[in-house]
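The data block below is my_file.cif; it holds mmCIF, C-alpha atoms.
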data_upload
#
loop_
_atom_site.label_atom_id
_atom_site.label_comp_id
_atom_site.auth_asym_id
_atom_site.auth_seq_id
_atom_site.Cartn_x
_atom_site.Cartn_y
_atom_site.Cartn_z
CA MET A 1 98.27 89.81 108.74
CA LEU A 2 96.98 92.42 106.30
CA ASP A 3 98.07 92.69 102.70
CA LYS A 4 98.40 96.04 100.92
CA THR A 5 94.72 96.04 100.06
CA GLY A 6 93.81 95.38 103.68
CA ILE A 7 95.92 98.30 104.86
CA ALA A 8 94.30 100.54 102.24
CA LYS A 9 90.80 99.40 103.25
CA ARG A 10 91.48 100.07 106.93
CA ILE A 11 92.87 103.55 106.21
CA ALA A 12 89.83 104.37 104.07
CA LYS A 13 87.75 104.17 107.27
CA GLU A 14 89.60 107.20 108.62
CA ILE A 15 88.27 109.42 105.84
CA LYS A 16 85.33 111.59 106.75
CA ASN A 17 82.63 113.26 104.73
CA GLY A 18 83.74 116.65 103.39
CA TYR A 19 87.46 115.91 103.56
CA TYR A 20 90.07 117.12 101.13
CA VAL A 21 92.64 114.31 101.06
CA ASN A 22 96.13 113.95 99.63
CA LEU A 23 97.20 110.39 98.85
CA GLY A 24 100.87 109.52 98.49
CA ILE A 25 102.43 107.03 96.09
CA GLY A 26 102.05 103.28 96.74
CA ILE A 27 99.56 101.86 99.23
CA PRO A 28 98.02 105.31 99.87
CA THR A 29 96.97 105.49 96.22
CA LEU A 30 94.95 102.30 96.70
CA VAL A 31 92.93 103.98 99.47
CA ALA A 32 90.95 105.85 96.80
CA ASN A 33 89.35 102.54 95.76
CA TYR A 34 87.79 101.98 99.19
CA ILE A 35 86.32 105.36 100.07
CA PRO A 36 82.71 104.53 100.99
CA LYS A 37 80.21 105.21 98.21
CA GLY A 38 78.22 108.39 98.64
CA MET A 39 80.89 110.05 100.75
CA ASP A 40 81.76 113.55 99.59
CA VAL A 41 85.56 113.50 99.44
CA VAL A 42 87.88 115.46 97.14
CA LEU A 43 91.27 113.98 96.32
CA GLN A 44 94.16 116.39 95.88
CA SER A 45 97.02 115.45 93.60
CA GLU A 46 99.98 117.70 94.38
CA ASN A 47 101.00 118.03 90.74
CA GLY A 48 98.04 120.36 90.39
CA LEU A 49 94.57 118.84 90.64
CA LEU A 50 91.66 118.83 93.05
CA GLY A 51 89.09 116.21 92.15
CA MET A 52 91.15 113.24 91.02
CA GLY A 53 89.08 110.43 89.52
CA PRO A 54 89.82 106.79 88.71
CA PHE A 55 92.15 105.51 85.99
CA PRO A 56 90.83 106.19 82.48
CA TYR A 57 89.22 103.51 80.32
CA GLU A 58 91.62 101.95 77.88
CA GLY A 59 92.08 104.23 74.88
CA GLU A 60 91.04 107.32 76.83
CA GLU A 61 94.42 108.02 78.44
CA ASP A 62 95.43 111.69 78.27
CA SER A 63 99.13 112.43 78.56
CA ASP A 64 98.35 115.86 80.05
CA LEU A 65 96.39 114.31 82.90
CA ILE A 66 98.43 112.42 85.49
CA ASN A 67 98.66 112.07 89.26
CA ALA A 68 101.69 112.62 91.46
CA GLY A 69 102.74 109.02 90.76
CA LYS A 70 102.78 109.91 87.03
CA GLN A 71 99.89 107.53 86.39
CA THR A 72 97.21 108.43 83.87
CA ILE A 73 94.01 109.42 85.68
CA THR A 74 90.70 111.18 85.12
CA THR A 75 88.93 114.06 86.80
CA VAL A 76 85.61 113.98 88.61
CA SER A 77 82.97 116.66 88.11
CA GLY A 78 83.79 119.89 89.90
CA SER A 79 87.53 119.44 89.64
CA ALA A 80 90.12 122.20 89.30
CA PHE A 81 93.66 122.48 87.96
CA PHE A 82 96.35 124.78 89.36
CA ASP A 83 100.11 125.23 89.35
CA SER A 84 102.58 123.61 91.75
CA ALA A 85 103.04 126.71 93.93
CA MET A 86 99.30 126.95 94.58
CA SER A 87 99.18 123.21 95.16
CA PHE A 88 101.72 123.45 97.95
CA GLY A 89 100.17 126.72 99.02
CA MET A 90 96.93 124.97 99.89
CA ILE A 91 98.94 122.26 101.66
CA ARG A 92 101.04 124.76 103.62
CA ALA A 93 97.94 126.79 104.50
CA ARG A 94 96.40 123.63 106.00
CA LYS A 95 93.44 123.50 103.64
CA VAL A 96 94.03 119.79 103.06
CA ASP A 97 92.37 117.81 105.86
CA LEU A 98 94.23 114.54 105.67
CA THR A 99 97.51 113.32 104.23
CA ILE A 100 98.15 109.62 103.76
CA LEU A 101 101.66 108.55 102.87
CA GLY A 102 104.12 105.70 103.04
CA ALA A 103 107.21 105.45 105.26
CA MET A 104 110.40 103.46 105.65
CA GLU A 105 110.60 104.27 109.36
CA VAL A 106 108.51 106.06 111.97
CA ALA A 107 109.72 106.96 115.46
CA ASP A 108 107.60 106.92 118.62
CA ASN A 109 107.75 110.73 118.75
CA GLY A 110 106.13 111.02 115.30
CA ASP A 111 109.30 111.53 113.25
CA ILE A 112 109.15 109.99 109.79
CA ALA A 113 111.80 108.88 107.26
CA ASN A 114 110.79 107.95 103.72
CA TRP A 115 113.04 109.45 101.07
CA LYS A 116 116.58 108.15 101.20
CA ILE A 117 118.85 105.29 102.28
CA PRO A 118 122.34 106.84 102.30
CA GLY A 119 124.63 105.23 99.74
CA LYS A 120 121.97 102.82 98.53
CA MET A 121 118.77 104.38 97.37
CA VAL A 122 117.61 107.89 96.75
CA LYS A 123 114.07 108.55 95.69
CA GLY A 124 113.93 112.14 96.75
CA MET A 125 111.42 113.72 99.06
CA GLY A 126 109.09 114.93 96.31
CA GLY A 127 106.23 116.65 98.10
CA ALA A 128 106.51 114.59 101.27
CA MET A 129 108.50 117.12 103.30
CA ASP A 130 106.01 119.87 102.49
CA LEU A 131 103.08 117.61 103.30
CA VAL A 132 104.36 116.35 106.65
CA ALA A 133 105.50 119.80 107.75
CA SER A 134 102.05 121.30 107.29
CA ALA A 135 99.34 118.63 107.29
CA LYS A 136 96.63 118.81 109.93
CA ASN A 137 96.44 115.04 110.11
CA ILE A 138 98.93 112.49 108.82
CA ILE A 139 98.29 108.77 108.54
CA VAL A 140 101.16 106.53 107.55
CA ALA A 141 100.70 103.29 105.63
CA MET A 142 103.75 101.09 106.13
CA GLN A 143 105.18 97.67 106.84
CA HIS A 144 105.62 97.05 110.57
CA VAL A 145 108.79 95.00 110.06
CA ASN A 146 111.30 94.75 107.20
CA LYS A 147 112.13 91.61 105.27
CA ALA A 148 114.70 90.64 107.93
CA GLY A 149 111.98 90.87 110.58
CA GLU A 150 113.32 94.09 112.11
CA SER A 151 110.90 96.68 113.37
CA LYS A 152 110.37 99.87 111.41
CA LEU A 153 108.53 101.45 114.33
CA LEU A 154 111.50 102.74 116.26
CA PRO A 155 112.57 104.78 119.29
CA ARG A 156 114.39 107.04 116.83
CA CYS A 157 114.60 106.96 113.04
CA THR A 158 117.95 105.76 111.70
CA LEU A 159 117.40 107.06 108.16
CA PRO A 160 117.45 110.73 107.11
CA LEU A 161 114.25 112.38 108.31
CA THR A 162 111.41 113.64 106.17
CA GLY A 163 109.74 115.48 109.03
CA ILE A 164 109.66 115.71 112.80
CA ASN A 165 106.85 115.15 115.34
CA CYS A 166 104.23 114.92 112.64
CA VAL A 167 102.78 111.40 112.26
CA LYS A 168 99.44 111.01 114.02
CA LYS A 169 98.40 107.48 113.10
CA ILE A 170 99.98 104.37 111.57
CA VAL A 171 98.35 101.44 109.83
CA THR A 172 100.59 98.42 109.23
CA GLU A 173 100.08 94.78 108.24
CA LEU A 174 99.86 94.04 111.99
CA ALA A 175 98.17 96.93 113.74
CA VAL A 176 96.63 100.37 113.96
CA LEU A 177 98.53 102.70 116.27
CA ASP A 178 98.31 106.33 117.35
CA VAL A 179 101.40 108.39 118.06
CA THR A 180 101.10 109.96 121.52
CA LEU A 181 103.43 111.74 123.93
CA GLN A 182 103.96 108.33 125.58
CA GLY A 183 104.89 106.66 122.30
CA PHE A 184 102.94 104.35 119.97
CA ARG A 185 99.50 103.54 121.38
CA LEU A 186 98.09 100.25 120.13
CA LEU A 187 94.51 100.68 118.97
CA GLU A 188 93.70 97.60 116.90
CA ARG A 189 95.22 94.27 115.91
CA ALA A 190 95.14 92.77 112.42
CA PRO A 191 92.99 89.63 112.22
CA GLY A 192 94.79 86.71 113.86
CA ILE A 193 97.67 88.80 115.24
CA SER A 194 98.28 88.73 119.01
CA VAL A 195 99.24 91.67 121.19
CA ASP A 196 102.50 89.88 122.04
CA TYR A 197 103.36 89.53 118.36
CA ILE A 198 102.87 93.28 117.90
CA LYS A 199 104.91 93.96 121.04
CA ASN A 200 107.79 91.89 119.65
CA SER A 201 107.55 93.65 116.31
CA THR A 202 107.65 97.17 117.76
CA ALA A 203 111.03 98.59 118.80
CA GLY A 204 109.74 101.99 119.92
CA ARG A 205 107.79 102.67 123.11
CA LEU A 206 104.44 100.91 122.93
CA VAL A 207 101.45 101.71 125.11
CA ILE A 208 98.91 98.92 125.53
CA GLU A 209 95.83 99.71 127.57
CA GLY A 210 92.94 97.30 128.14
CA GLU A 211 91.61 94.88 125.56
CA ILE A 212 92.88 95.55 122.03
CA PRO A 213 90.15 94.81 119.50
CA GLU A 214 90.70 93.13 116.16
CA MET A 215 90.31 95.36 113.11
CA VAL A 216 87.06 95.17 111.24
CA ILE A 217 87.66 95.22 107.51
CA ASP A 218 84.94 94.63 104.95
CA MET B 1 105.61 143.02 71.21
CA ASN B 2 106.12 140.15 68.82
CA LYS B 3 108.20 137.56 70.71
CA THR B 4 108.04 134.88 68.07
CA VAL B 5 111.14 132.97 67.02
CA VAL B 6 111.16 130.35 64.29
CA ASN B 7 112.07 127.25 66.25
CA ALA B 8 113.78 125.72 69.28
CA ASP B 9 117.30 126.01 67.85
CA GLU B 10 116.82 129.73 67.30
CA ALA B 11 115.24 130.15 70.74
CA ILE B 12 118.11 128.55 72.64
CA LYS B 13 120.99 129.74 70.45
CA ASP B 14 122.57 131.90 73.20
CA ILE B 15 122.43 129.26 75.95
CA GLN B 16 126.07 128.72 76.87
CA ASP B 17 128.06 126.10 78.77
CA ASN B 18 127.73 126.22 82.58
CA MET B 19 124.49 128.18 82.61
CA THR B 20 121.56 127.56 84.96
CA LEU B 21 118.28 126.54 83.35
CA MET B 22 114.80 125.97 84.67
CA LEU B 23 112.77 123.33 82.86
CA GLY B 24 109.03 123.00 83.38
CA GLY B 25 107.17 119.74 83.73
CA PHE B 26 106.22 117.06 86.23
CA GLY B 27 107.57 113.70 85.24
CA LEU B 28 107.19 113.73 81.46
CA CYS B 29 104.01 115.81 81.65
CA GLY B 30 104.33 119.33 80.29
CA ILE B 31 108.05 119.20 79.51
CA PRO B 32 109.67 121.46 76.88
CA GLU B 33 110.40 118.61 74.47
CA ASN B 34 111.56 120.79 71.59
CA CYS B 35 113.98 122.83 73.71
CA ILE B 36 115.48 119.70 75.28
CA ALA B 37 116.06 118.20 71.83
CA ALA B 38 117.68 121.46 70.71
CA LEU B 39 119.98 121.48 73.77
CA VAL B 40 121.10 117.95 72.88
CA ARG B 41 121.78 119.08 69.29
CA LYS B 42 123.67 122.17 70.46
CA GLY B 43 125.74 120.09 72.89
CA VAL B 44 126.07 122.74 75.62
CA LYS B 45 127.70 121.27 78.72
CA GLY B 46 128.04 121.85 82.44
CA LEU B 47 124.40 122.82 82.79
CA THR B 48 122.67 123.27 86.13
CA CYS B 49 119.06 122.23 85.67
CA ILE B 50 116.26 123.23 88.01
CA ALA B 51 113.43 120.79 87.31
CA ASN B 52 111.14 118.74 89.50
CA ASN B 53 112.33 115.47 87.97
CA ALA B 54 114.93 114.41 85.45
CA GLY B 55 112.69 112.60 83.00
CA VAL B 56 113.31 108.93 82.24
CA ASP B 57 116.41 107.25 80.85
CA ASP B 58 115.57 107.95 77.21
CA PHE B 59 113.22 110.95 77.32
CA GLY B 60 112.95 114.40 78.85
CA ILE B 61 115.95 115.63 80.83
CA GLY B 62 117.13 112.01 80.83
CA LEU B 63 118.39 112.73 77.30
CA LEU B 64 120.69 115.46 78.66
CA LEU B 65 121.92 113.19 81.45
CA LYS B 66 122.78 110.48 78.96
CA THR B 67 124.95 112.88 76.97
CA ARG B 68 126.54 114.16 80.23
CA GLN B 69 125.50 117.73 79.51
CA VAL B 70 124.25 118.25 83.05
CA LYS B 71 126.62 119.14 85.87
CA LYS B 72 124.01 119.59 88.53
CA MET B 73 120.31 118.86 89.05
CA ILE B 74 118.13 120.74 91.49
CA SER B 75 115.05 118.54 91.82
CA SER B 76 112.62 117.06 94.32
CA TYR B 77 112.30 113.52 93.04
CA VAL B 78 114.58 111.02 91.37
CA GLY B 79 111.91 108.38 91.33
CA GLU B 80 112.33 105.60 88.85
CA ASN B 81 115.03 107.16 86.70
CA ALA B 82 117.81 104.55 86.94
CA GLU B 83 120.48 106.61 85.16
CA PHE B 84 119.78 109.64 87.35
CA GLU B 85 120.02 107.54 90.52
CA ARG B 86 123.20 105.87 89.28
CA GLN B 87 124.94 109.19 88.46
CA LEU B 88 123.79 110.58 91.80
CA LEU B 89 125.04 107.65 93.90
CA SER B 90 128.35 107.46 92.00
CA GLY B 91 128.92 111.18 92.46
CA GLU B 92 129.19 111.88 88.72
CA LEU B 93 126.30 114.27 89.00
CA GLU B 94 125.78 116.92 91.66
CA VAL B 95 122.24 116.75 92.95
CA ASP B 96 120.42 119.09 95.28
CA LEU B 97 117.24 117.41 96.39
CA ILE B 98 114.78 119.91 97.78
CA PRO B 99 111.12 119.67 98.79
CA GLN B 100 108.74 120.03 95.88
CA GLY B 101 106.79 122.90 97.41
CA THR B 102 110.04 124.69 98.17
CA LEU B 103 111.11 124.22 94.55
CA ALA B 104 107.82 125.66 93.30
CA THR B 105 107.84 128.55 95.73
CA ARG B 106 111.44 129.52 95.02
CA CYS B 107 110.42 129.88 91.37
CA MET B 108 107.29 131.80 92.28
CA ALA B 109 109.27 134.17 94.49
CA VAL B 110 111.37 135.29 91.51
CA GLY B 111 108.29 136.22 89.51
CA TYR B 112 106.82 138.11 92.46
CA GLY B 113 110.03 140.02 93.11
CA MET B 114 110.64 138.48 96.51
CA PRO B 115 114.23 137.54 97.41
CA ALA B 116 113.25 134.80 99.86
CA VAL B 117 110.34 132.94 101.38
CA TYR B 118 109.72 131.07 104.63
CA THR B 119 108.51 127.49 104.64
CA PRO B 120 108.19 124.79 107.30
CA ALA B 121 109.14 122.05 104.81
CA GLY B 122 112.36 120.36 105.86
CA VAL B 123 112.59 121.75 109.40
CA GLY B 124 114.55 119.27 111.53
CA THR B 125 115.87 117.39 108.47
CA GLU B 126 119.11 117.57 106.49
CA VAL B 127 117.40 120.05 104.17
CA ALA B 128 117.60 122.59 107.01
CA ILE B 129 121.37 122.32 107.47
CA GLY B 130 123.04 125.70 107.12
CA LYS B 131 119.78 127.55 106.59
CA GLU B 132 118.55 130.55 108.46
CA THR B 133 115.47 129.73 110.54
CA ARG B 134 112.86 131.89 112.14
CA LYS B 135 109.88 131.24 114.38
CA PHE B 136 106.46 132.63 113.59
CA ILE B 137 103.13 132.16 115.32
CA VAL B 138 100.71 130.44 112.96
CA ASP B 139 97.17 129.51 114.05
CA GLY B 140 98.18 130.46 117.60
CA VAL B 141 101.13 128.03 117.67
CA GLU B 142 104.78 128.96 117.45
CA LYS B 143 106.41 127.10 114.59
CA GLU B 144 109.84 127.07 112.99
CA PHE B 145 110.36 128.02 109.35
CA LEU B 146 113.31 127.85 106.97
CA MET B 147 114.30 130.81 104.86
CA GLU B 148 114.63 129.74 101.25
CA TYR B 149 116.06 131.99 98.58
CA ALA B 150 114.47 132.78 95.24
CA PHE B 151 116.26 131.03 92.39
CA ASP B 152 118.36 132.77 89.80
CA ALA B 153 118.33 131.09 86.41
CA HIS B 154 119.74 132.36 83.12
CA PHE B 155 116.94 130.75 81.15
CA ALA B 156 113.57 129.21 81.88
CA LEU B 157 112.28 126.71 79.31
CA VAL B 158 108.57 126.10 79.54
CA LYS B 159 105.90 124.29 77.59
CA ALA B 160 102.36 125.60 77.20
CA TRP B 161 99.30 124.34 75.37
CA LYS B 162 98.48 127.60 73.60
CA GLY B 163 100.28 130.85 73.32
CA ASP B 164 100.09 134.04 71.31
CA THR B 165 102.71 136.18 69.63
CA HIS B 166 102.85 138.47 72.69
CA GLY B 167 103.90 135.51 74.83
CA ASN B 168 100.62 135.06 76.68
CA LEU B 169 100.30 131.43 77.72
CA ILE B 170 97.56 128.93 78.52
CA PHE B 171 98.37 125.54 79.99
CA ARG B 172 96.33 122.36 79.87
CA GLU B 173 95.33 120.08 82.76
CA THR B 174 98.19 118.81 84.93
CA ALA B 175 100.72 119.77 82.25
CA ARG B 176 100.57 123.19 83.94
CA ASN B 177 102.54 122.16 87.08
CA PHE B 178 105.81 124.15 87.33
CA ASN B 179 105.52 125.81 83.92
CA PRO B 180 103.79 129.08 84.87
CA LEU B 181 106.10 129.47 87.89
CA MET B 182 109.26 128.95 85.89
CA ALA B 183 107.90 131.16 83.12
CA MET B 184 107.93 134.00 85.67
CA ALA B 185 111.40 133.15 86.88
CA GLY B 186 113.90 133.05 84.03
CA ARG B 187 116.13 136.02 83.29
CA ILE B 188 115.11 134.97 79.80
CA THR B 189 112.01 132.82 79.42
CA ILE B 190 111.47 130.68 76.36
CA ALA B 191 108.02 129.19 75.81
CA GLU B 192 107.25 126.43 73.34
CA VAL B 193 103.59 125.86 72.58
CA GLU B 194 101.43 123.29 70.84
CA GLU B 195 99.45 126.04 69.18
CA LEU B 196 100.74 129.53 68.49
CA VAL B 197 98.10 132.12 67.54
CA PRO B 198 98.21 135.83 66.68
CA ALA B 199 97.86 138.22 69.65
CA GLY B 200 94.19 138.93 70.26
CA GLU B 201 92.92 135.44 69.61
CA LEU B 202 93.16 134.20 73.18
CA ASN B 203 90.55 135.33 75.67
CA PRO B 204 92.41 137.63 78.12
CA ASP B 205 90.34 136.18 80.97
CA TYR B 206 91.84 132.76 80.40
CA ILE B 207 95.54 133.64 80.25
CA HIS B 208 97.57 131.80 82.90
CA THR B 209 100.90 133.54 82.23
CA PRO B 210 100.85 137.13 80.97
CA GLY B 211 103.26 137.72 78.12
CA ILE B 212 105.33 140.25 80.11
CA TYR B 213 107.16 137.26 81.64
CA VAL B 214 107.91 135.61 78.31
CA HIS B 215 110.78 136.72 76.09
CA ARG B 216 110.64 134.21 73.23
CA ILE B 217 107.88 131.95 71.99
CA PHE B 218 107.71 129.41 69.20
CA GLN B 219 105.38 126.88 67.67
CA GLY B 220 106.60 123.47 68.83
CA VAL B 221 106.64 120.47 66.51
CA ASN B 222 106.35 116.69 66.69
CA TYR B 223 105.18 116.45 70.29
CA GLU B 224 105.51 112.93 71.61
CA LYS B 225 103.94 113.68 75.03
CA ARG B 226 105.04 110.31 76.29
CA ILE B 227 103.10 108.68 79.14
CA GLU B 228 105.30 107.47 81.98
CA GLN B 229 102.83 105.18 83.77
CA ARG B 230 99.95 104.09 81.58
CA THR B 231 97.22 103.03 84.00
CA VAL B 232 93.74 102.11 82.81
CA ARG B 233 90.61 100.41 84.11
CA LYS B 234 88.38 97.84 82.44
CA ARG B 235 85.14 98.92 80.85
#

What would the structure in this file look like if it were written as structure tokens?
Amino acid sequence: MLDKTGIAKRIAKEIKNGYYVNLGIGIPTLVANYIPKGMDVVLQSENGLLGMGPFPYEGEEDSDLINAGKQTITTVSGSAFFDSAMSFGMIRARKVDLTILGAMEVADNGDIANWKIPGKMVKGMGGAMDLVASAKNIIVAMQHVNKAGESKLLPRCTLPLTGINCVKKIVTELAVLDVTLQGFRLLERAPGISVDYIKNSTAGRLVIEGEIPEMVID
Amino acid sequence: MNKTVVNADEAIKDIQDNMTLMLGGFGLCGIPENCIAALVRKGVKGLTCIANNAGVDDFGIGLLLKTRQVKKMISSYVGENAEFERQLLSGELEVDLIPQGTLATRCMAVGYGMPAVYTPAGVGTEVAIGKETRKFIVDGVEKEFLMEYAFDAHFALVKAWKGDTHGNLIFRETARNFNPLMAMAGRITIAEVEELVPAGELNPDYIHTPGIYVHRIFQGVNYEKRIEQRTVRKR
């Protein structure tokens, strides 16, 4: 079973040279730490920055320079600042190559829910609805099952939707899956996790074809 | 074209109960600290606030929530503001949660003189309920869009890094965020700045918001510029 770091490391392998990438709050933010050295990737922060760098050294925090998670950050060379309309303009115009975000539920048709549990918790959609409605490629980092052991990969989302038919790939503590017209397609297993275990943890339609390899994570 | 006023209290003196305000900032970054403090002092009530977030419990718009001066928030993210979430869930506060890009674009539309815009954000979700939709072909694929109206706010309160007496504004780093968009969108726009200079001192090539959009400007004082999530790495 993968921990958060493991999920982040596996997702980092999906990033290609030359990509502009938007990373959501939570596990997706960790992905930045595992982008292979020497790869030319620009991170977009939707509060108005292209070229997000690592956290600042202690004492060098700048209150004017934060990411979408409100964390203090730095810029890398060649970065650019812009306003929020342009930020979502470049997202809507599909200039951003890859969006990585978290989810509470994903359905086997690619629907995603991640902003609200009616009556209990409201975080708000932030930029997630804009991102999922327009992104060329969306990878979701999420837990396969909740604390009660119930699947979060469902035939239909039960929570209010963030977007429809948009998720392309999912990386969980158990597996890597694609979203296809036939449902979730199992691509890889987490180390030590059996296909049956994944089957039992997936409520939505699950396509299993041939041998399913174990993930390789450095 | 001198738009200078002496301070925040003077700038907001005609903001009345039940008005709609836009407030710039993302989290606590780039928020109009002086204007918020002046609104608390003035005690105006029943405000509708258009702002991406509502600050934290004891800073930013959170200060106006605490004093129950806000009737309604139009925001994209509640996040970690416990008081905001509590007032929302208990129904004490009306909250319209809308996608962040939609929020930004509805401000932008005002400043560009456009009554509405089309966006795919929220299609198929509860955000789309009751909204006019239209299909357009984009990149060869037919796709559904929601029509979203431009906002109408009595006042926009923005924070810039530098400004001049004509109201020209320059923002700094990610403190820019919604500020230039809201600056274009208030029936009356009030800008507070860290450094106010005489007209002519700023390089015209580097102006982010031309002064035509700004009605009042003042030199802000005592900026706290609080950091919400202090994250650092080891040397």

Item to complete: Would you mind telling me which residue in A:Thr75, A:Asn47, A:Thr202, A:Asn109 lies nearest to A:Asp62 when using all atoms listed in the file?
Response: A:Thr75

Item to complete: Please provide as a PyMOL selection string all residues within 9 Å of stretch 5-20 of chain A, with the sequence filter that same-chain residues fewer than 4 positions apart are discarded (counting all atoms listed in the file).
Response: chain A and resi 1+27-36+38-44+50+95-100+139-142+170-173+176+215-218

Worksheet item: What residues in chain B have any atom no more than 7 Å from chain A when counting only C-alpha atoms, and can you write them as number ranges by chain?
Response: B: 26-27, 29-30, 76-79, 85, 89, 97, 99-101, 104-105, 108, 120-125, 172-178, 180, 225-235

Discussion item. Take the PyMOL selection byres ((chain B and resi 211) around 8), run it mentally on this structure, and tell me the resulting residues as a list of chain:residue names.
Written reply: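 That selection, the PyMOL selection byres ((chain B and resi 211) around 8), comes back as B:His166, B:Gly167, B:Asn168, B:Leu169, B:Thr209, B:Pro210, B:Ile212, B:Tyr213, B:Val214, B:His215.
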
Item to complete: Could you check which of B:Leu65, B:Leu103, B:Ile36, B:Asp17 is closest to B:Gln87, using all atoms listed in the file?
Response: B:Leu65
